[in-house]
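What follows is a short report on a single structure.
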Amino acid sequence: MIIFARILPLPAAAVLALAGPAFAQQRATPENQLFDKVLPQKVLEEDAVEVVSTPTVQPLNVQQPRYPEVQPWSVADAQQLLAVVEGIGAEGLDPRDYRPAELRQAIARGPSPQLDQLASETFVWLVEDLRDGRTPMEARKQWFVVDPDPDLLPTGELLAKALAGRNVAATLASLAPTHPDYAALKAELARTPASQAKQRAMIRANMDRWRWLARDLGGQYLITNVPEYQLRLTVNDKIIRTYKTIVGKPGRTATPQLAETVEGVIFNPTWTVPQSIVKGEGLGAKVLNNPGWARSAGYKATKAADGNVYVVQQPGPTNSLGMMKLDMPNPHAIFLHDTPARNLFNTENRALSHGCIRTERALELAMTIAILGQGATKDEAVAISTSGEYTRVPVVKTMPVYITYFTMGRDIEGNLRTFNDIYGRDAPVLASFNAPRVGNRARVTSEEAVEIIDDLQTS
């Protein structure tokens with residue numbers, strides 16, 4: 001049983017009448033009527049939305065049945081493979097990476113160990129590039145997502161089944177990302193003439209970024225595209241709600257790319273101030289020496305036996321995390337949260353934070369996640385949010401969160417457009433496409449997970 005802080009025995013309307021100014025500010029716009037329309041009613045009603053898929057993610061190095069790396073090929077199967085290679089440009093890949101001339105010559109000589117070796121290797125390369133992306137890990141800057149697809153769709157098993165079923169082309173075609181944005185980029189590539197080389201390169205790079213993610217993102221999830229400054233709540237790949245975001249400043253505080261899970265919603269969070277601010281900026285001394293100011297700002301300080309001062313900002317309208325944060329544990333201490341400086345959502349360049357993602361209409365988002373995750377009813381969520389007390393609401397149905405980086409894609413209106421490369425992450429991806437294909441690529445980045453120590457963190 002979940003026990004919430006101060007569940008008020010009042011109807012929603014009465015609770016709203018008692019809500020403070022900060023809460024009213026988040027409800028000021030017509031599109032943000034939280035309690036009349038947190039989500040379309042069909043989404044809030046139990047079982048009204050059928051989630052079409054939820055990926056079962058297996059861990060790295062999971063034990064899979066072993067299949068021979070080289071298997072016998074018929075001429076007919078090899079011809080299917082050659083046709084895929086010759087048409088692979090439609091998927092944003094380069095046929096030359098897969099040695100079509102050598103494969104054609106081997107087919108002409110008929111069945112042989114050489115054909116088996118070459119065709120098996122070519123099939124494996126295609127699987128790796130279509131399923132996992134062609135870009136090597138060292139060119140994926142600040143990319144900390146581990147793609148589960150190699151575990152869910154093992155290469156050897158795909159090869160064995162494709163040959164047993166005589167469906168080589170269909171097997172390879174089934175590996176393409178299912179997200180509508182990938183299809184939009186593919187269609188744009190088909191419309192873009194070869195003379196527009198830079199445009200085609202940009203399309204190909206962003207098609208590949210979709211392959212870096214899980215092929216199946218899940219039935220309902222949050223996805224934010226950092227350069228677009230937008231967050232989407234998505235059900236069955238359809239956008240239900242969008243929220244403006246503020247992301248990390250370029251440089252050390254740039255927002256990394258992650259795939260994490262919301263395990264709970266924290267209403268009225270506290271903020272444990274990093275020592276870089278307590279000591280480095282003198283906040284600890286200021287709180288201790290100015291108790292009146294500290295109370296008005298919501299700060300409480302304690303001095304430990306070792307002489308260190310620890311400062312915690314209590315819940316309230318001036319709290320640096322605002323009125324909520326999504327609990328999504330990760331080694332970077334990156335999360336989605338509210339902010340008291342909501343005027344910044346009206347600025348065009350919103351790369352302003354220390355790494356975390358500040359979210360517009362954050363209370364609406366928090367309540368929606370709590371309700372969809374069956375952690376609270378609508379009335380409970382209202383009562384908790386207006387209580388003024390720190391409350392963590394765990395969710396029964398966790399939700400994936402994808403923090404992505406696309407410089408070309410569909411915007412929230414569904415129009416294909418480009419976004420500023422605010423962190424300079426395009427160049428290494430584009431360079432990798434101009435370099436020879438890299439085999440035996442790592443699945444995990446060698447970059448260290450840097451915790452943003454001067455960003456907002458909670459106790």
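Convention: chains lettered A, B, ... in structure tokens order; per-chain residue numbering from 1; ligands numbered from 1 as shown.
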
**Q.** For stretch 407-418 of chain A: contacts at 8 Å, only C-alpha atoms, fewer than 2 positions along chain excluded, given as a PyMOL selection string
**A.** chain A and resi 181+184-185+202-203+206+227-228+230+242+405+420-421+426

Selection from above, N, CA and C atoms, as a CSV table (one decimal), in the first residue's frame, can you write it?
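The resulting selection.csv:
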```csv
chain,number,residue,atom,x,y,z
A,181,ASP,N,9.3,8.7,-37.8
A,181,ASP,CA,10.3,9.7,-38.2
A,181,ASP,C,11.4,9.1,-39.1
A,184,ALA,N,9.9,9.0,-42.5
A,184,ALA,CA,9.9,10.4,-43.1
A,184,ALA,C,11.2,10.7,-43.6
A,185,LEU,N,12.3,10.4,-42.9
A,185,LEU,CA,13.6,10.7,-43.4
A,185,LEU,C,14.0,9.8,-44.6
A,202,MET,N,23.2,14.6,-44.4
A,202,MET,CA,22.6,15.0,-43.1
A,202,MET,C,21.4,14.0,-42.9
A,203,ILE,N,20.6,13.7,-44.0
A,203,ILE,CA,19.5,12.8,-43.8
A,203,ILE,C,20.0,11.4,-43.4
A,206,ASN,N,21.1,11.2,-39.7
A,206,ASN,CA,19.9,11.1,-38.8
A,206,ASN,C,19.1,9.9,-38.9
A,227,PRO,N,18.3,19.2,-29.4
A,227,PRO,CA,18.4,20.4,-30.2
A,227,PRO,C,17.1,21.1,-30.6
A,228,GLU,N,16.0,20.3,-30.4
A,228,GLU,CA,14.7,20.9,-30.8
A,228,GLU,C,14.0,21.6,-29.6
A,230,GLN,N,12.3,20.2,-27.2
A,230,GLN,CA,10.9,19.7,-27.1
A,230,GLN,C,10.9,18.3,-26.5
A,242,THR,N,3.0,17.7,-25.9
A,242,THR,CA,4.4,18.2,-26.1
A,242,THR,C,4.7,19.2,-25.1
A,405,TYR,N,19.3,13.1,-29.8
A,405,TYR,CA,19.9,14.2,-30.4
A,405,TYR,C,19.8,14.1,-32.0
A,420,ASN,N,19.4,23.2,-35.0
A,420,ASN,CA,20.8,23.6,-34.8
A,420,ASN,C,21.6,22.5,-34.1
A,421,ASP,N,22.7,22.3,-34.6
A,421,ASP,CA,23.7,21.3,-34.0
A,421,ASP,C,24.3,22.0,-32.8
A,426,ASP,N,27.3,16.5,-35.0
A,426,ASP,CA,27.1,16.0,-36.4
A,426,ASP,C,28.4,15.6,-37.0
```

Q) Which parts of stretch 250-334 of chain A does DSSP call strand (DSSP E) when run on the backbone here, written out as a VMD selection string? A) chain A and resid 258 to 267 271 to 272 299 to 303 309 to 313 324 to 327

Q.
If we count only C-alpha atoms and set the cut-off at 9 Å, which residues sit around stretch 63-77 of chain A, ignoring sequence neighbours fewer than 5 positions away in its own chain? Please answer as a PyMOL selection string.
A. chain A and resi 82+107-108+110-113+115-121+124+151+154-157+159-160+162-163+166-169

List as CSV every residue of stretch 330-433 of chain A that is in contact with stretch 245-268 of chain A, defined as an atom at most 6 Å from one of its atoms (using only C-alpha atoms), together with the nearest atom pair and the distance in Å rounded to one decimal, sorted by chain and then rising number.
```
residue,atom,partner,partner_atom,distance
A:Arg350,CA,A:Ile246,CA,4.9
A:Ala351,CA,A:Lys249,CA,4.7
A:Leu352,CA,A:Lys249,CA,4.9
A:Ser353,CA,A:Gly248,CA,4.3
A:His354,CA,A:Thr253,CA,4.9
A:Gly355,CA,A:Gly248,CA,3.9
A:Ile357,CA,A:Val247,CA,4.9
A:Arg358,CA,A:Ile246,CA,5.0
A:Thr359,CA,A:Thr245,CA,4.8
A:Ser385,CA,A:Phe267,CA,5.7
A:Gly388,CA,A:Asn268,CA,5.9
A:Glu389,CA,A:Asn268,CA,5.8
A:Tyr390,CA,A:Asn268,CA,4.8
A:Thr391,CA,A:Phe267,CA,5.3
A:Arg392,CA,A:Ile266,CA,4.3
A:Val393,CA,A:Val265,CA,5.1
A:Pro394,CA,A:Gly264,CA,4.0
A:Val395,CA,A:Gly264,CA,5.1
A:Thr398,CA,A:Glu263,CA,5.5
A:Met399,CA,A:Val262,CA,5.2
A:Pro400,CA,A:Thr261,CA,4.4
A:Val401,CA,A:Glu260,CA,5.2
A:Tyr402,CA,A:Ala259,CA,4.6
A:Ile403,CA,A:Gln257,CA,5.0
A:Thr404,CA,A:Gln257,CA,5.4
A:Tyr423,CA,A:Pro250,CA,5.5
```

Since we have the selection now, will you write its residues out, keeping N, CA and C atoms, as an mmCIF file, in the first residue's frame?
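Listing of selection-v5.cif after writing:
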```cif
data_model
loop_
_atom_site.group_PDB
_atom_site.id
_atom_site.type_symbol
_atom_site.label_atom_id
_atom_site.label_comp_id
_atom_site.auth_asym_id
_atom_site.auth_seq_id
_atom_site.Cartn_x
_atom_site.Cartn_y
_atom_site.Cartn_z
ATOM 1 N N ARG A 350 17.384 27.697 -25.844
ATOM 2 C CA ARG A 350 17.115 27.231 -24.493
ATOM 3 C C ARG A 350 18.157 26.211 -24.013
ATOM 4 N N ALA A 351 19.395 26.335 -24.509
ATOM 5 C CA ALA A 351 20.503 25.534 -23.982
ATOM 6 C C ALA A 351 21.104 26.317 -22.821
ATOM 7 N N LEU A 352 20.468 26.233 -21.651
ATOM 8 C CA LEU A 352 20.766 27.131 -20.540
ATOM 9 C C LEU A 352 21.049 26.423 -19.221
ATOM 10 N N SER A 353 20.805 25.127 -19.139
ATOM 11 C CA SER A 353 20.902 24.436 -17.846
ATOM 12 C C SER A 353 22.299 23.858 -17.649
ATOM 13 N N HIS A 354 22.484 23.189 -16.514
ATOM 14 C CA HIS A 354 23.740 22.520 -16.211
ATOM 15 C C HIS A 354 23.709 21.042 -16.590
ATOM 16 N N GLY A 355 22.782 20.659 -17.436
ATOM 17 C CA GLY A 355 22.724 19.283 -17.925
ATOM 18 C C GLY A 355 21.355 18.656 -17.825
ATOM 19 N N ILE A 357 17.149 18.475 -17.674
ATOM 20 C CA ILE A 357 16.152 18.984 -18.615
ATOM 21 C C ILE A 357 15.000 19.595 -17.837
ATOM 22 N N ARG A 358 14.869 20.892 -17.937
ATOM 23 C CA ARG A 358 13.748 21.584 -17.312
ATOM 24 C C ARG A 358 12.559 21.525 -18.272
ATOM 25 N N THR A 359 11.391 21.293 -17.727
ATOM 26 C CA THR A 359 10.226 20.963 -18.542
ATOM 27 C C THR A 359 9.080 21.943 -18.313
ATOM 28 N N SER A 385 0.286 17.377 -4.934
ATOM 29 C CA SER A 385 1.028 18.489 -5.523
ATOM 30 C C SER A 385 0.802 19.788 -4.774
ATOM 31 N N GLY A 388 2.482 20.890 -0.490
ATOM 32 C CA GLY A 388 3.697 21.585 -0.088
ATOM 33 C C GLY A 388 4.727 20.684 0.566
ATOM 34 N N GLU A 389 4.453 19.397 0.650
ATOM 35 C CA GLU A 389 5.355 18.459 1.310
ATOM 36 C C GLU A 389 6.029 17.543 0.293
ATOM 37 N N TYR A 390 7.284 17.237 0.544
ATOM 38 C CA TYR A 390 8.019 16.298 -0.299
ATOM 39 C C TYR A 390 7.286 14.961 -0.316
ATOM 40 N N THR A 391 6.947 14.485 -1.501
ATOM 41 C CA THR A 391 6.257 13.195 -1.637
ATOM 42 C C THR A 391 6.746 12.501 -2.898
ATOM 43 N N ARG A 392 7.221 11.268 -2.737
ATOM 44 C CA ARG A 392 7.579 10.463 -3.891
ATOM 45 C C ARG A 392 6.457 9.477 -4.170
ATOM 46 N N VAL A 393 5.928 9.532 -5.384
ATOM 47 C CA VAL A 393 4.872 8.610 -5.812
ATOM 48 C C VAL A 393 5.489 7.582 -6.751
ATOM 49 N N PRO A 394 5.691 6.349 -6.273
ATOM 50 C CA PRO A 394 6.222 5.325 -7.181
ATOM 51 C C PRO A 394 5.155 4.927 -8.194
ATOM 52 N N VAL A 395 5.586 4.548 -9.387
ATOM 53 C CA VAL A 395 4.629 4.136 -10.414
ATOM 54 C C VAL A 395 4.688 2.628 -10.584
ATOM 55 N N THR A 398 6.198 1.492 -15.136
ATOM 56 C CA THR A 398 7.300 2.402 -15.415
ATOM 57 C C THR A 398 7.240 2.856 -16.878
ATOM 58 N N MET A 399 7.910 3.964 -17.162
ATOM 59 C CA MET A 399 7.866 4.520 -18.511
ATOM 60 C C MET A 399 9.281 4.830 -18.991
ATOM 61 N N PRO A 400 9.642 4.368 -20.202
ATOM 62 C CA PRO A 400 10.964 4.715 -20.731
ATOM 63 C C PRO A 400 11.055 6.206 -21.047
ATOM 64 N N VAL A 401 12.260 6.739 -20.895
ATOM 65 C CA VAL A 401 12.565 8.109 -21.296
ATOM 66 C C VAL A 401 13.770 8.056 -22.222
ATOM 67 N N TYR A 402 13.626 8.631 -23.404
ATOM 68 C CA TYR A 402 14.717 8.668 -24.374
ATOM 69 C C TYR A 402 15.160 10.115 -24.557
ATOM 70 N N ILE A 403 16.421 10.374 -24.235
ATOM 71 C CA ILE A 403 17.002 11.694 -24.453
ATOM 72 C C ILE A 403 17.857 11.578 -25.709
ATOM 73 N N THR A 404 17.383 12.125 -26.817
ATOM 74 C CA THR A 404 17.986 11.903 -28.132
ATOM 75 C C THR A 404 18.590 13.191 -28.674
ATOM 76 N N TYR A 423 25.582 21.181 -29.983
ATOM 77 C CA TYR A 423 26.745 20.597 -29.323
ATOM 78 C C TYR A 423 27.827 20.143 -30.313
#
```

Q: Go through A:Leu231, A:Met328, A:Leu81, A:Leu189 one by one, measure the shortest atom-to-atom distance of each to A:Leu93 using only C-alpha atoms, and give the residue with the smallest value.
A: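 Result for the nearest residue to A:Leu93: A:Leu189.
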
Q. Could you state the separation of atom CA of A:Pro95 and atom CA of A:Gln114 in Å, given to one decimal place?
A.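 Calculated distance between atom CA of A:Pro95 and atom CA of A:Gln114 is 20.1 Å.
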
Q.
So that I can check the surroundings of stretch 298-314 of chain A, please list as number ranges by chain every protein, DNA and RNA residue that reaches within 10 Å of it, counting only C-alpha atoms and ignoring chain neighbours fewer than 2 positions away.
A. A: 268-275, 277-279, 283-288, 291-296, 316-321, 388-390, 458-459

Q: Fewer than 4 positions away in the same chain doesn't count, so skip those; otherwise give me all residues within 12 Å of A:Arg131, counting only C-alpha atoms, as a PyMOL selection string.
A: chain A and resi 91+123-127+135+147-155+158+171-178+207-216+443

Q) Quick one: residues within 9 Å of stretch 197-201 of chain A, only C-alpha atoms counted, chain neighbours fewer than 4 positions away excluded, as a PyMOL selection string? A) chain A and resi 92+188-189+192-193+205-206+430+433

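Among A:Val145, A:Met323, A:Ala370, A:Leu365, the residue with the shortest atom-to-atom distance to A:Tyr243, counting only C-alpha atoms, is A:Leu365.
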
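Counting from atom CA of A:Glu138, the distance to atom CA of A:Pro428 is 8.4 Å.
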